[in-house]
file upload.csv (CSV, C-alpha atoms)
chain,number,residue,atom,x,y,z
A,24,MET,CA,10.2,-2.9,-73.0
A,25,ALA,CA,6.8,-1.0,-73.1
A,26,LYS,CA,6.6,2.1,-75.2
A,27,ALA,CA,5.5,5.1,-73.0
A,28,PHE,CA,4.2,8.7,-73.2
A,29,SER,CA,3.9,11.2,-70.5
A,30,GLY,CA,3.9,15.0,-70.2
A,31,ILE,CA,4.4,17.8,-67.7
A,32,GLN,CA,3.1,21.3,-67.6
A,33,PRO,CA,5.7,24.2,-67.7
A,34,THR,CA,4.7,25.8,-64.5
A,35,GLY,CA,8.2,26.8,-63.4
A,36,GLN,CA,7.5,25.3,-60.0
A,37,ILE,CA,8.3,21.6,-60.3
A,38,GLN,CA,8.0,20.2,-56.8
A,39,LEU,CA,9.3,17.0,-55.1
A,40,GLY,CA,6.0,15.3,-55.4
A,41,ASN,CA,6.0,15.6,-59.2
A,42,TYR,CA,9.5,14.2,-59.2
A,43,ILE,CA,8.9,11.2,-56.9
A,44,GLY,CA,5.4,10.4,-58.1
A,45,ALA,CA,6.0,10.7,-61.8
A,46,LEU,CA,9.3,12.0,-63.2
A,47,ARG,CA,11.5,9.4,-61.6
A,48,ASN,CA,9.5,6.7,-63.3
A,49,TRP,CA,10.0,8.2,-66.8
A,50,ARG,CA,12.5,5.9,-68.5
A,51,PRO,CA,14.5,6.9,-71.6
A,52,ASP,CA,13.3,3.8,-73.6
A,53,PRO,CA,13.6,4.0,-77.4
A,54,GLY,CA,10.3,5.0,-78.9
A,55,SER,CA,9.0,6.6,-75.8
A,56,TYR,CA,7.8,10.3,-75.8
A,57,TYR,CA,8.0,12.9,-73.1
A,58,CYS,CA,6.4,16.2,-73.7
A,59,VAL,CA,6.3,19.7,-72.2
A,60,VAL,CA,2.5,20.1,-72.4
A,61,ASP,CA,2.4,23.9,-72.9
A,62,LEU,CA,-1.2,23.9,-74.4
A,63,HIS,CA,-2.5,22.5,-71.1
A,64,SER,CA,-1.0,25.6,-69.3
A,65,LEU,CA,-3.4,27.8,-71.2
A,66,SER,CA,-6.4,26.3,-69.3
A,67,GLN,CA,-5.6,28.7,-66.4
A,68,THR,CA,-4.4,32.3,-66.3
A,69,TRP,CA,-0.9,32.7,-67.7
A,70,GLU,CA,1.7,35.4,-68.6
A,71,PRO,CA,3.3,35.0,-72.0
A,72,ALA,CA,6.9,35.9,-71.1
A,73,GLU,CA,6.7,33.7,-68.0
A,74,LEU,CA,5.3,30.8,-70.0
A,75,ARG,CA,8.1,31.0,-72.6
A,76,ALA,CA,10.7,30.9,-69.8
A,77,ASN,CA,9.0,28.0,-68.1
A,78,ILE,CA,8.8,26.0,-71.3
A,79,ARG,CA,12.6,26.2,-71.7
A,80,SER,CA,13.3,25.4,-68.0
A,81,THR,CA,11.0,22.4,-68.0
A,82,ALA,CA,12.6,21.1,-71.2
A,83,ALA,CA,15.9,21.5,-69.5
A,84,LEU,CA,14.7,19.4,-66.6
A,85,LEU,CA,13.5,16.6,-68.9
A,86,GLN,CA,16.9,16.7,-70.6
A,87,ALA,CA,18.6,16.6,-67.1
A,88,LEU,CA,16.7,13.4,-66.4
A,89,GLY,CA,18.3,11.9,-69.5
A,90,LEU,CA,15.0,11.7,-71.4
A,91,GLY,CA,16.4,13.1,-74.7
A,92,GLU,CA,18.8,10.2,-75.0
A,93,GLY,CA,17.0,7.3,-76.7
A,94,SER,CA,13.5,8.6,-76.0
A,95,HIS,CA,12.1,11.8,-77.5
A,96,VAL,CA,11.5,15.2,-75.7
A,97,PHE,CA,9.4,17.8,-77.4
A,98,VAL,CA,7.0,20.7,-76.8
A,99,GLN,CA,3.3,19.9,-77.3
A,100,SER,CA,2.3,23.0,-79.3
A,101,HIS,CA,5.1,22.3,-81.8
A,102,VAL,CA,3.2,19.2,-83.0
A,103,HIS,CA,-0.2,20.5,-84.2
A,104,GLU,CA,-1.7,17.0,-84.4
A,105,HIS,CA,-2.3,17.1,-80.6
A,106,ALA,CA,-4.8,20.0,-80.9
A,107,GLU,CA,-6.4,18.6,-84.0
A,108,LEU,CA,-7.0,15.1,-82.6
A,109,ALA,CA,-8.3,16.8,-79.3
A,110,TRP,CA,-11.2,18.3,-81.3
A,111,VAL,CA,-12.2,14.9,-82.6
A,112,LEU,CA,-12.1,13.5,-79.1
A,113,ASN,CA,-14.1,16.5,-77.8
A,114,CYS,CA,-16.8,15.4,-80.0
A,115,LEU,CA,-16.7,11.9,-78.5
A,116,GLY,CA,-16.4,12.9,-74.8
A,117,ARG,CA,-19.4,13.3,-72.6
A,118,MET,CA,-20.2,16.3,-70.3
A,119,GLY,CA,-21.0,13.9,-67.4
A,120,GLU,CA,-17.7,12.1,-67.5
A,121,LEU,CA,-15.7,15.3,-67.7
A,122,SER,CA,-17.7,16.9,-64.9
A,123,ARG,CA,-16.7,14.0,-62.6
A,124,MET,CA,-13.0,14.7,-63.1
A,125,THR,CA,-11.5,15.3,-59.6
A,126,GLN,CA,-8.9,17.9,-60.8
A,127,PHE,CA,-11.5,19.9,-62.6
A,128,LYS,CA,-13.7,20.0,-59.5
A,129,SER,CA,-10.7,21.0,-57.2
A,130,LYS,CA,-9.2,23.6,-59.5
A,131,GLY,CA,-12.5,25.2,-60.5
A,132,ARG,CA,-14.0,25.2,-57.0
A,133,GLY,CA,-15.0,28.6,-55.8
A,134,LYS,CA,-14.1,30.4,-59.1
A,135,ALA,CA,-16.6,32.6,-60.8
A,136,ASP,CA,-15.0,32.1,-64.2
A,137,VAL,CA,-13.6,28.7,-65.1
A,138,SER,CA,-12.3,28.2,-68.7
A,139,VAL,CA,-13.7,25.7,-71.0
A,140,GLY,CA,-10.1,24.5,-71.5
A,141,LEU,CA,-9.9,23.4,-67.9
A,142,PHE,CA,-13.1,21.4,-68.4
A,143,THR,CA,-11.9,19.7,-71.6
A,144,TYR,CA,-8.3,19.3,-70.4
A,145,PRO,CA,-8.6,15.5,-70.0
A,146,LEU,CA,-9.5,15.1,-73.7
A,147,LEU,CA,-6.4,17.0,-74.8
A,148,MET,CA,-4.5,14.7,-72.5
A,149,ALA,CA,-6.1,11.7,-74.2
A,150,SER,CA,-5.1,13.1,-77.5
A,151,ASP,CA,-1.5,13.4,-76.3
A,152,ILE,CA,-1.4,9.8,-75.3
A,153,LEU,CA,-3.4,8.2,-78.2
A,154,LEU,CA,-1.4,9.8,-81.0
A,155,TYR,CA,1.7,7.6,-80.2
A,156,SER,CA,0.1,4.1,-79.8
A,157,VAL,CA,1.8,3.7,-76.4
A,158,GLN,CA,1.2,0.8,-74.0
A,159,GLU,CA,2.0,2.7,-70.8
A,160,VAL,CA,1.5,6.1,-69.3
A,161,PRO,CA,3.8,6.7,-66.3
A,162,VAL,CA,1.9,9.2,-64.0
A,163,GLY,CA,1.4,10.1,-60.4
A,164,GLU,CA,-1.7,8.9,-58.5
A,165,ASP,CA,-3.5,12.2,-59.2
A,166,GLN,CA,-3.5,11.6,-63.0
A,167,LYS,CA,-4.8,8.0,-62.9
A,168,GLN,CA,-8.4,9.1,-63.4
A,169,HIS,CA,-7.4,11.0,-66.6
A,170,VAL,CA,-5.6,7.9,-68.0
A,171,GLU,CA,-8.7,5.8,-67.2
A,172,LEU,CA,-10.8,8.3,-69.2
A,173,THR,CA,-8.3,8.0,-72.0
A,174,ARG,CA,-8.9,4.3,-72.0
A,175,ASP,CA,-12.7,4.8,-72.1
A,176,ILE,CA,-12.4,7.2,-75.0
A,177,ALA,CA,-10.1,4.9,-77.0
A,178,GLU,CA,-12.4,1.9,-76.5
A,179,ARG,CA,-15.4,4.1,-77.5
A,180,PHE,CA,-13.6,5.2,-80.6
A,181,ASN,CA,-12.5,1.7,-81.6
A,182,SER,CA,-15.9,0.2,-81.0
A,183,ARG,CA,-17.5,2.8,-83.3
A,184,PHE,CA,-14.9,3.3,-86.0
A,185,GLY,CA,-12.6,0.2,-85.9
A,186,PRO,CA,-9.3,-0.7,-84.1
A,187,VAL,CA,-7.4,2.6,-84.5
A,188,PHE,CA,-6.1,3.3,-81.0
A,189,THR,CA,-3.9,1.3,-78.6
A,190,VAL,CA,-5.6,1.3,-75.2
A,191,PRO,CA,-2.9,2.3,-72.7
A,192,GLN,CA,-2.3,1.3,-69.1
A,193,PRO,CA,-1.3,3.8,-66.3
A,194,ARG,CA,2.0,3.0,-64.7
A,195,ILE,CA,2.1,4.2,-61.1
A,196,ALA,CA,4.9,3.8,-58.6
A,197,GLU,CA,4.1,1.5,-55.7
A,198,VAL,CA,5.8,3.8,-53.1
A,199,GLY,CA,5.8,7.6,-53.3
A,200,ALA,CA,2.9,7.8,-55.8
A,201,ARG,CA,1.3,10.4,-53.5
A,202,VAL,CA,3.7,12.7,-51.7
A,203,MET,CA,2.0,14.7,-49.0
A,204,SER,CA,2.4,18.3,-47.8
A,205,LEU,CA,5.2,18.9,-45.3
A,206,ARG,CA,2.9,21.2,-43.3
A,207,ASN,CA,-0.3,19.2,-43.6
A,208,PRO,CA,0.3,15.5,-44.2
A,209,ALA,CA,-3.4,15.0,-44.9
A,210,GLU,CA,-3.1,17.0,-48.1
A,211,LYS,CA,-1.1,16.2,-51.2
A,212,MET,CA,2.1,18.3,-51.8
A,213,SER,CA,1.1,20.9,-54.4
A,214,LYS,CA,2.9,23.7,-56.2
A,215,SER,CA,-0.3,25.8,-55.7
A,216,ASP,CA,-0.1,25.7,-51.9
A,217,PRO,CA,0.5,29.3,-50.7
A,218,ASP,CA,2.7,28.0,-47.9
A,219,PRO,CA,6.2,27.8,-49.3
A,220,ASN,CA,7.2,25.4,-46.5
A,221,SER,CA,4.6,22.9,-47.5
A,222,LYS,CA,6.6,21.8,-50.6
A,223,ILE,CA,10.2,21.3,-51.8
A,224,LEU,CA,10.9,22.7,-55.3
A,225,LEU,CA,13.6,21.1,-57.5
A,226,SER,CA,15.0,24.6,-57.8
A,227,ASP,CA,15.4,25.0,-53.9
A,228,SER,CA,18.9,25.5,-52.5
A,229,ASP,CA,20.4,22.9,-50.1
A,230,GLU,CA,19.7,25.3,-47.2
A,231,ALA,CA,16.1,25.8,-48.2
A,232,ILE,CA,15.5,22.1,-48.4
A,233,GLN,CA,17.1,21.5,-45.0
A,234,LYS,CA,14.9,24.2,-43.4
A,235,LYS,CA,11.7,22.9,-44.9
A,236,ILE,CA,12.4,19.3,-43.8
A,237,MET,CA,13.4,20.4,-40.3
A,238,THR,CA,10.1,22.4,-39.9
A,239,ALA,CA,7.9,19.7,-41.4
A,240,VAL,CA,5.0,18.7,-39.3
A,241,THR,CA,5.5,15.4,-37.5
A,242,ASP,CA,3.3,13.5,-35.0
A,243,SER,CA,2.8,13.0,-31.2
A,244,GLY,CA,5.4,10.9,-29.4
A,245,ARG,CA,9.1,10.7,-30.5
A,246,GLU,CA,9.3,7.2,-32.0
A,247,VAL,CA,10.1,7.0,-35.7
A,248,ALA,CA,7.7,4.4,-37.1
A,249,TYR,CA,5.8,3.8,-40.4
A,250,ASP,CA,2.1,4.1,-39.7
A,251,PRO,CA,0.2,6.3,-42.2
A,252,ALA,CA,-2.9,6.3,-40.1
A,253,GLU,CA,-1.4,7.2,-36.7
A,254,LYS,CA,1.8,8.9,-37.8
A,255,PRO,CA,1.1,10.5,-41.2
A,256,GLY,CA,3.8,13.2,-41.0
A,257,VAL,CA,6.6,10.7,-40.1
A,258,SER,CA,5.3,8.2,-42.6
A,259,ASN,CA,5.4,10.8,-45.4
A,260,LEU,CA,9.0,11.7,-44.6
A,261,LEU,CA,9.9,7.9,-44.6
A,262,GLU,CA,8.3,7.4,-48.0
A,263,ILE,CA,10.1,10.4,-49.4
A,264,ALA,CA,13.5,9.2,-48.1
A,265,SER,CA,13.0,5.6,-49.1
A,266,THR,CA,12.1,6.4,-52.7
A,267,LEU,CA,15.0,8.8,-53.1
A,268,CYS,CA,17.8,6.6,-51.5
A,269,GLY,CA,16.4,3.2,-52.4
A,270,GLU,CA,16.6,1.9,-48.8
A,271,PRO,CA,13.4,0.1,-47.6
A,272,ILE,CA,11.1,2.1,-45.3
A,273,GLU,CA,11.4,-0.5,-42.6
A,274,ALA,CA,15.2,-0.2,-42.5
A,275,LEU,CA,15.0,3.6,-42.3
A,276,ALA,CA,12.5,3.5,-39.5
A,277,ALA,CA,14.6,1.0,-37.6
A,278,ARG,CA,17.7,3.1,-37.9
A,279,TYR,CA,16.0,6.2,-36.4
A,280,ARG,CA,13.4,4.6,-34.2
A,281,ASP,CA,14.9,5.7,-30.9
A,282,GLN,CA,16.9,8.7,-32.0
A,283,GLY,CA,14.0,11.2,-32.0
A,284,TYR,CA,12.6,13.4,-34.7
A,285,GLY,CA,15.5,15.8,-34.9
A,286,ALA,CA,18.0,13.2,-36.0
A,287,PHE,CA,15.5,11.6,-38.2
A,288,LYS,CA,14.7,14.9,-40.0
A,289,ARG,CA,18.4,15.7,-40.5
A,290,GLY,CA,18.8,12.3,-42.1
A,291,VAL,CA,15.9,12.8,-44.4
A,292,ALA,CA,17.1,16.3,-45.3
A,293,GLU,CA,20.5,14.9,-46.3
A,294,ILE,CA,18.9,12.3,-48.6
A,295,VAL,CA,16.6,14.9,-50.3
A,296,VAL,CA,19.5,17.4,-50.8
A,297,GLU,CA,21.7,14.7,-52.4
A,298,ALA,CA,18.9,13.8,-54.8
A,299,VAL,CA,17.9,17.3,-55.8
A,300,ARG,CA,21.3,19.0,-56.0
A,301,PRO,CA,22.6,17.3,-59.2
A,302,LEU,CA,19.3,17.9,-61.0
A,303,ARG,CA,19.3,21.6,-60.0
A,304,GLU,CA,22.9,22.0,-61.1
A,305,GLN,CA,22.3,20.1,-64.4
A,306,VAL,CA,19.3,22.2,-65.3
A,307,LYS,CA,21.3,25.4,-64.6
A,308,GLU,CA,24.1,24.2,-66.9
A,309,LEU,CA,21.6,23.3,-69.7
A,310,LEU,CA,19.9,26.7,-69.4
A,311,SER,CA,23.3,28.4,-70.1
A,312,ASP,CA,23.2,26.8,-73.6
A,313,PRO,CA,19.7,27.5,-75.1
A,314,ALA,CA,20.8,26.3,-78.5
A,315,ALA,CA,21.5,22.8,-77.2
A,316,ILE,CA,18.0,22.7,-75.6
A,317,GLU,CA,16.4,23.8,-78.9
A,318,ARG,CA,18.3,21.1,-80.9
A,319,THR,CA,17.0,18.3,-78.6
A,320,LEU,CA,13.5,19.7,-78.8
A,321,GLU,CA,13.7,19.9,-82.6
A,322,GLU,CA,14.9,16.3,-82.9
A,323,GLY,CA,12.0,15.3,-80.6
A,324,ARG,CA,9.5,17.3,-82.6
A,325,ALA,CA,10.5,15.7,-85.8
A,326,ALA,CA,10.3,12.2,-84.3
A,327,ALA,CA,6.9,12.9,-82.7
A,328,GLU,CA,5.5,14.4,-86.0
A,329,ARG,CA,6.6,11.3,-87.9
A,330,GLU,CA,4.4,9.2,-85.7
A,331,ALA,CA,1.6,11.7,-84.9
A,332,ARG,CA,0.8,12.6,-88.6
A,333,PRO,CA,0.0,9.1,-89.9
A,334,MET,CA,-2.1,8.4,-86.7
A,335,LEU,CA,-4.1,11.6,-87.3
A,336,ASP,CA,-4.6,10.6,-90.9
A,337,ARG,CA,-5.9,7.2,-89.7
A,338,VAL,CA,-8.4,8.9,-87.4
A,339,LYS,CA,-9.6,11.2,-90.2
A,340,GLN,CA,-10.1,8.3,-92.5
A,341,ALA,CA,-11.9,6.4,-89.8
A,342,VAL,CA,-14.4,9.2,-88.9
A,343,GLY,CA,-15.0,10.2,-92.5
A,344,LEU,CA,-12.9,13.4,-92.8
A,345,LEU,CA,-10.7,11.9,-95.6
call {"tool": "encode", "arguments": {"input": "upload.csv", "output": "structure tokens"}}
result
Amino acid sequence: MAKAFSGIQPTGQIQLGNYIGALRNWRPDPGSYYCVVDLHSLSQTWEPAELRANIRSTAALLQALGLGEGSHVFVQSHVHEHAELAWVLNCLGRMGELSRMTQFKSKGRGKADVSVGLFTYPLLMASDILLYSVQEVPVGEDQKQHVELTRDIAERFNSRFGPVFTVPQPRIAEVGARVMSLRNPAEKMSKSDPDPNSKILLSDSDEAIQKKIMTAVTDSGREVAYDPAEKPGVSNLLEIASTLCGEPIEALAARYRDQGYGAFKRGVAEIVVEAVRPLREQVKELLSDPAAIERTLEEGRAAAEREARPMLDRVKQAVGLL
């Protein structure tokens, strides 16, 4: 059973792509750590009151997924070793490798003022991971490049200062690693898309989910078939349904092949609603008891600190700070 670490930003807009591509693959294994990465949120414009509320609701979501049972859930900024190690890694990172990060280029494109934090974001992510000597980092396809950079940084550090860091591997789901927009299946589903019908949020009502699926872009013809090149819209819906219900894509396609897109979309909508509803209701119940959320986060913070503090001491010793 591999020890894992992963984190999620408290945006308040967790969408189905985040859930299918990453969160569903987070397992409550003993010794694994799952983090609300609030410091990462400061790399782009934020409102303090909104951020506080989003940290709590994101923590509730992780608890609704059962990640506070066996594994540890905590808030990044509550463990100061994350920021302190990030500075050491900033001094080992290279401008060239950071400038090649796809997410930096996409999020900074067309903006007159881009924060330094957005540029160095991957090194804070590397700090998050390397503090806990984990073997695996369960992430969506869009974060694979950041984990690869983390591996490079760990190997660079170990080569220069000795074997301090465990070099982790990304763990990416074979199906559903890249959920596409409901309105433009050539683009990834994104919380930042201004079209509300392009994405399904985990906070959406049953009715909203059904409407979004029924208005999703499909393809020419009426046959339901899995063909990402020729039928990207239908293929995206088949992948979403398959990952949520566990039925193979081929079986779903065969069931709806001659029924037309209307019946197919109604079937997909039912699967998505049944997957999202219990999470939404559990989060709502947890948010009604903030003290319980705080207790879980405090337990997670204490566990994370017990591991992060000696690792940071090892790093300081290795680089000459102690």
call {"tool": "closest_residue", "arguments": {"input": "upload.csv", "among": "A:Arg332, A:Ile195, A:Ser213, A:Asn113", "to": "A:Val139", "atoms": "all atoms listed in the file"}}
result
A:Asn113
call {"tool": "atom_distance", "arguments": {"input": "upload.csv", "atom1": "atom CA of A:Lys254", "atom2": "atom CA of A:Thr238"}}
result
16.0 Å
call {"tool": "closest_residue", "arguments": {"input": "upload.csv", "among": "A:Phe180, A:Phe97, A:Trp49, A:Tyr249", "to": "A:Ala274", "atoms": "all atoms listed in the file"}}
result
A:Tyr249
call {"tool": "residues_around", "arguments": {"input": "upload.csv", "residues": "A:Glu322", "least_positions_apart": "5", "cutoff": "10 Å", "atoms": "all atoms listed in the file", "output": "compact mmCIF listing (two decimals) with C-alpha atoms, keeping the file's coordinate frame"}}
result
# COMPACT_ATOMS: atom_id res chain seq x y z
CA GLY A 91 16.40 13.10 -74.70
CA HIS A 95 12.10 11.80 -77.50
CA VAL A 96 11.50 15.20 -75.70
CA PHE A 97 9.40 17.80 -77.40
CA GLU A 317 16.40 23.80 -78.90
CA ALA A 327 6.90 12.90 -82.70
call {"tool": "closest_residue", "arguments": {"input": "upload.csv", "among": "A:Ala239, A:Ala325, A:Ser204, A:Gly283", "to": "A:Lys222", "atoms": "only C-alpha atoms"}}
result
A:Ser204
call {"tool": "closest_residue", "arguments": {"input": "upload.csv", "among": "A:Asn207, A:Ser129, A:Ser311, A:Thr173", "to": "A:Leu260", "atoms": "all atoms listed in the file"}}
result
A:Asn207
call {"tool": "residues_around", "arguments": {"input": "upload.csv", "residues": "A:Ser64", "least_positions_apart": "2", "cutoff": "8 Å", "atoms": "all atoms listed in the file", "output": "ChimeraX atom specification"}}
result
/A:32-34,60-62,66-67,69
